[in-house]
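A.B. asks: Sending over a structure as structure tokens; questions will come in a sec.
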Amino acid sequence: MNVSGHSTRFLLLGDSHAGPIARAAAAAGLPFVGGPIGSGRDFNVGFFDVRDDGLVFRDAAVQERHRGFLAELGVADIGQLAVPLVSTFGLSAHFFATTENWRIYRAGDGAFPAGFLSGGLFDDIVRAMARDALAFYRHALDLGLRVLAVLPPQRVPGMSDPLVFMAAQETIRRALGALGVEIVDLRARVTDGAGRQRAAFCEPDDPIHGNLAFGRLIVADLLARGL
């Protein structure tokens, strides 16, 4: 989506969590390019290559959308961008938190050993799960781009463990921050006392996504950052 006649403010590349951001930006008449280009599970491992002619997504449909966005901006590769990159890649923490995947690490009583979720083994596992998402951000930063990552809605579907969700999200947040990515973190504004997304910011009849109101808060945060 681009609003013609105005200077583009940012490129948005993300999974379905980018949808409310795109809708809110479009509703506000904010000039931007981009939006969701695939599912969250598609942007963790093995999803892109860097070739002589630039970054290429391995999935043909994703690459077609990506190339279309670049064409709107008049560039051939993200390395030629003159605007910030906003992304949600690697931040669909519910995929990392699938309950069954963590059963082997639990003690006999079903609980995790003390300190496991804040420990080095857990960090290493989650970083490995998201290794190419982290590599994507690192590549964009190495190109000299200003890069922002948006934390997901604090919603945990039934297949996922809430404690692992929160801990995995924190692992990725720290990893991105250490790289130099700016983190858009609205948790203090949208969650209840238990750290879960309040209903006012949830897409109804949907277990994981934020709604337009959530997208508006994200867009306001981006604007406050000068985008």
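Labels used: A, B, ... for chains in the order of the structure tokens, numbers from 1 for residues in each chain, and numbers from 1 for ligands as shown.
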Which residues of range 99-174 of chain A come within 10 Å of range 179-203 of chain A, and for each one, what is the closest pair of atoms and their distance in Å to one decimal, counting only C-alpha atoms, sorted by chain and residue number, as a Markdown table?
C.D. replies:
| residue | atom | partner | partner_atom | distance |
| --- | --- | --- | --- | --- |
| A:Leu134 | CA | A:Leu179 | CA | 8.7 |
| A:Ala135 | CA | A:Leu179 | CA | 9.9 |
| A:Tyr137 | CA | A:Val181 | CA | 7.4 |
| A:Arg138 | CA | A:Leu179 | CA | 6.6 |
| A:Ala140 | CA | A:Val181 | CA | 9.6 |
| A:Leu141 | CA | A:Gly180 | CA | 7.6 |
| A:Asp142 | CA | A:Leu179 | CA | 9.9 |
| A:Leu145 | CA | A:Val181 | CA | 9.8 |
| A:Arg146 | CA | A:Val181 | CA | 7.7 |
| A:Val147 | CA | A:Val181 | CA | 5.4 |
| A:Leu148 | CA | A:Glu182 | CA | 4.6 |
| A:Ala149 | CA | A:Ile183 | CA | 5.1 |
| A:Val150 | CA | A:Val184 | CA | 4.6 |
| A:Leu151 | CA | A:Asp185 | CA | 5.6 |
| A:Pro152 | CA | A:Asp185 | CA | 8.5 |
| A:Pro153 | CA | A:Gln197 | CA | 6.3 |
| A:Gln154 | CA | A:Gln197 | CA | 4.8 |
| A:Arg155 | CA | A:Gln197 | CA | 5.9 |
| A:Val156 | CA | A:Arg196 | CA | 8.2 |
| A:Pro162 | CA | A:Arg196 | CA | 9.3 |
| A:Met166 | CA | A:Gly195 | CA | 8.9 |
| A:Arg173 | CA | A:Ile183 | CA | 7.3 |
| A:Arg174 | CA | A:Leu179 | CA | 8.7 |
A.B. asks: Save the residues we just selected, C-alpha atoms, as an mmCIF file, in the first residue's frame?
C.D. replies:
data_model
loop_
_atom_site.group_PDB
_atom_site.id
_atom_site.type_symbol
_atom_site.label_atom_id
_atom_site.label_comp_id
_atom_site.auth_asym_id
_atom_site.auth_seq_id
_atom_site.Cartn_x
_atom_site.Cartn_y
_atom_site.Cartn_z
ATOM 1 C CA LEU A 134 17.887 -12.744 13.225
ATOM 2 C CA ALA A 135 20.127 -13.042 10.160
ATOM 3 C CA TYR A 137 17.662 -8.186 10.591
ATOM 4 C CA ARG A 138 21.455 -8.344 10.768
ATOM 5 C CA ALA A 140 19.343 -5.161 6.824
ATOM 6 C CA LEU A 141 21.390 -3.360 9.477
ATOM 7 C CA ASP A 142 24.629 -4.184 7.665
ATOM 8 C CA LEU A 145 19.112 0.681 7.076
ATOM 9 C CA ARG A 146 17.192 1.950 10.044
ATOM 10 C CA VAL A 147 15.326 -1.175 11.194
ATOM 11 C CA LEU A 148 12.394 -1.466 13.589
ATOM 12 C CA ALA A 149 10.796 -4.683 14.850
ATOM 13 C CA VAL A 150 7.286 -4.768 16.315
ATOM 14 C CA LEU A 151 6.546 -7.085 19.227
ATOM 15 C CA PRO A 152 3.453 -9.231 18.630
ATOM 16 C CA PRO A 153 0.094 -9.077 20.367
ATOM 17 C CA GLN A 154 0.370 -10.697 23.792
ATOM 18 C CA ARG A 155 -1.974 -13.528 22.877
ATOM 19 C CA VAL A 156 -1.183 -17.190 23.445
ATOM 20 C CA PRO A 162 2.251 -18.960 28.030
ATOM 21 C CA MET A 166 6.879 -14.774 27.239
ATOM 22 C CA ARG A 173 13.743 -9.004 21.916
ATOM 23 C CA ARG A 174 17.153 -9.046 23.591
#
A.B. asks: Would you pick out the contacts of Gly14 in chain A at 10 Å or less, using only C-alpha atoms, so that residues sharing its chain but fewer than 4 positions from it are not included, and give the list as a ChimeraX atom specification?
C.D. replies: /A:18-19,21-22,34-40,43,86-91,149-150
A.B. asks: If we count only C-alpha atoms and set the cut-off at 8 Å, which residues sit around Arg216 in chain A, ignoring sequence neighbours fewer than 6 positions away in its own chain? Please answer as a list of chain:residue names.
C.D. replies: A:Pro20, A:Ile21, A:Ala24, A:Ala25
A.B. asks: Run DSSP on the backbone of this structure and report the residues of range 105-197 of chain A it assigns to strand (DSSP E), as a list of chain:residue names.
C.D. replies: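 So the strand (DSSP E) residues in range 105-197 of chain A would be A:Val147, A:Leu148, A:Ala149, A:Val150, A:Glu182, A:Ile183, A:Val184.
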A.B. asks: Would you save the residues from that selection as a short mmCIF file (atom, residue, chain, number, x, y, z; two decimals), in the first residue's frame, using N, CA, C and O atoms?
C.D. replies:
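This went into part_14.cif:
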data_model
loop_
_atom_site.label_atom_id
_atom_site.label_comp_id
_atom_site.auth_asym_id
_atom_site.auth_seq_id
_atom_site.Cartn_x
_atom_site.Cartn_y
_atom_site.Cartn_z
N VAL A 147 16.19 0.00 11.13
CA VAL A 147 15.33 -1.17 11.19
C VAL A 147 14.56 -1.17 12.51
O VAL A 147 15.14 -0.99 13.59
N LEU A 148 13.26 -1.38 12.42
CA LEU A 148 12.39 -1.47 13.59
C LEU A 148 11.64 -2.79 13.57
O LEU A 148 11.16 -3.22 12.51
N ALA A 149 11.54 -3.43 14.71
CA ALA A 149 10.80 -4.68 14.85
C ALA A 149 9.66 -4.46 15.83
O ALA A 149 9.85 -3.84 16.89
N VAL A 150 8.49 -4.98 15.50
CA VAL A 150 7.29 -4.77 16.31
C VAL A 150 6.97 -6.04 17.09
O VAL A 150 6.74 -7.10 16.50
N GLU A 182 15.59 -1.31 16.53
CA GLU A 182 14.69 -0.57 17.43
C GLU A 182 13.44 -1.43 17.68
O GLU A 182 12.84 -1.94 16.74
N ILE A 183 13.08 -1.59 18.94
CA ILE A 183 11.95 -2.44 19.29
C ILE A 183 10.72 -1.60 19.60
O ILE A 183 10.75 -0.72 20.46
N VAL A 184 9.63 -1.88 18.89
CA VAL A 184 8.35 -1.25 19.16
C VAL A 184 7.62 -2.17 20.15
O VAL A 184 7.16 -3.25 19.79
#
A.B. asks: Would you list, as JSON, numbers by chain, the residues of range 9-224 of chain A that end up in helix (DSSP H, G or I) under DSSP run on this structure's backbone?
C.D. replies: {"A": [16, 17, 18, 19, 20, 21, 22, 23, 24, 25, 26, 27, 40, 41, 42, 43, 60, 61, 62, 63, 64, 65, 66, 67, 68, 69, 70, 71, 72, 73, 78, 79, 80, 93, 94, 95, 96, 99, 100, 101, 102, 103, 104, 105, 116, 117, 118, 120, 121, 122, 123, 124, 125, 126, 127, 128, 129, 131, 132, 133, 134, 135, 136, 137, 138, 139, 140, 141, 142, 162, 163, 164, 165, 166, 167, 168, 169, 170, 171, 172, 173, 174, 175, 176, 177, 178, 179, 187, 188, 189, 190, 199, 200, 201, 212, 213, 214, 215, 216, 217, 218, 219, 220, 221, 222, 223, 224]}
A.B. asks: Which one of A:Ala93, A:Ala133, A:Leu163, A:Ile208 sits closest to Phe48 in chain A if you count only C-alpha atoms?
C.D. replies: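 The closest residue to Phe48 in chain A is A:Ala133.
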A.B. asks: Considering only C-alpha atoms, state which residue in the set A:Gly54, A:Ala114, A:Phe214, A:Phe95 is at the smallest distance from Asp77 in chain A.
C.D. replies: A:Gly54
A.B. asks: Can you list, as a PyMOL selection string, every protein, DNA or RNA residue that comes within 12 Å of Ser7 in chain A when you count only C-alpha atoms, leaving out same-chain residues fewer than 5 positions away?
C.D. replies: chain A and resi 2+29-33+72-73+82-83+227
A.B. asks: Counting only C-alpha atoms, which residue out of A:Ala175, A:Ser92, A:Asp109, A:Glu64 sits closest to Asp15 in chain A?
C.D. replies: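 Nearest candidate to Asp15 in chain A out of A:Ala175, A:Ser92, A:Asp109, A:Glu64: A:Ser92.
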A.B. asks: What separation in Å, quoted to one decimal, exists between CA of Asp59 in chain A and CA of Gln169 in chain A?
C.D. replies: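 Taking CA of Asp59 in chain A as the start and CA of Gln169 in chain A as the end point, the length is 25.3 Å.
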A.B. asks: Need the shell around Pro207 in chain A: protein/DNA/RNA residues with any atom at most 7 Å away, counting only C-alpha atoms. Skip same-chain ones fewer than 2 positions apart. Format as a list in words?
C.D. replies: Arg155, Pro157, Asp205 and His209 of chain A
A.B. asks: What would the file look like if the residues just selected were written as a PDB file, in the first residue's frame with N, CA and C atoms?
C.D. replies:
ATOM      1  N   ARG A 155      -0.896 -12.557  22.942  1.00  0.00           N
ATOM      2  CA  ARG A 155      -1.974 -13.528  22.877  1.00  0.00           C
ATOM      3  C   ARG A 155      -1.372 -14.909  22.669  1.00  0.00           C
ATOM      4  N   PRO A 157      -2.223 -18.809  21.917  1.00  0.00           N
ATOM      5  CA  PRO A 157      -3.250 -19.788  21.544  1.00  0.00           C
ATOM      6  C   PRO A 157      -3.115 -21.071  22.362  1.00  0.00           C
ATOM      7  N   ASP A 205     -12.884 -13.153  17.614  1.00  0.00           N
ATOM      8  CA  ASP A 205     -13.007 -14.466  16.974  1.00  0.00           C
ATOM      9  C   ASP A 205     -11.708 -14.900  16.302  1.00  0.00           C
ATOM     10  N   HIS A 209      -4.259 -12.578  16.819  1.00  0.00           N
ATOM     11  CA  HIS A 209      -3.958 -11.291  16.199  1.00  0.00           C
ATOM     12  C   HIS A 209      -4.483 -10.095  16.983  1.00  0.00           C
TER      13      HIS A 209
END
A.B. asks: Name the closest residue to Asn101 in chain A among the candidates A:Leu143, A:Val164, A:Ile78, A:Leu176; distances are taken between atoms, counting only C-alpha atoms.
C.D. replies: A:Val164
A.B. asks: Quick one, how far is CA of Ala27 in chain A from CA of Ile218 in chain A?
C.D. replies: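 These atoms are spaced 13.1 Å apart.
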A.B. asks: Compare A:Ala61, A:Trp102, A:Gly108, A:Asp53 by their minimum atom-to-atom distance to Val75 in chain A, counting only C-alpha atoms, and give me the closest one.
C.D. replies: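 With only C-alpha atoms as the atom set, the closest residue is A:Asp53.
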A.B. asks: As an exercise, work out the distance from CA of Val126 in chain A to CA of Asp49 in chain A in Å and give it to one decimal place.
C.D. replies: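 These two atoms are separated by 21.2 Å.
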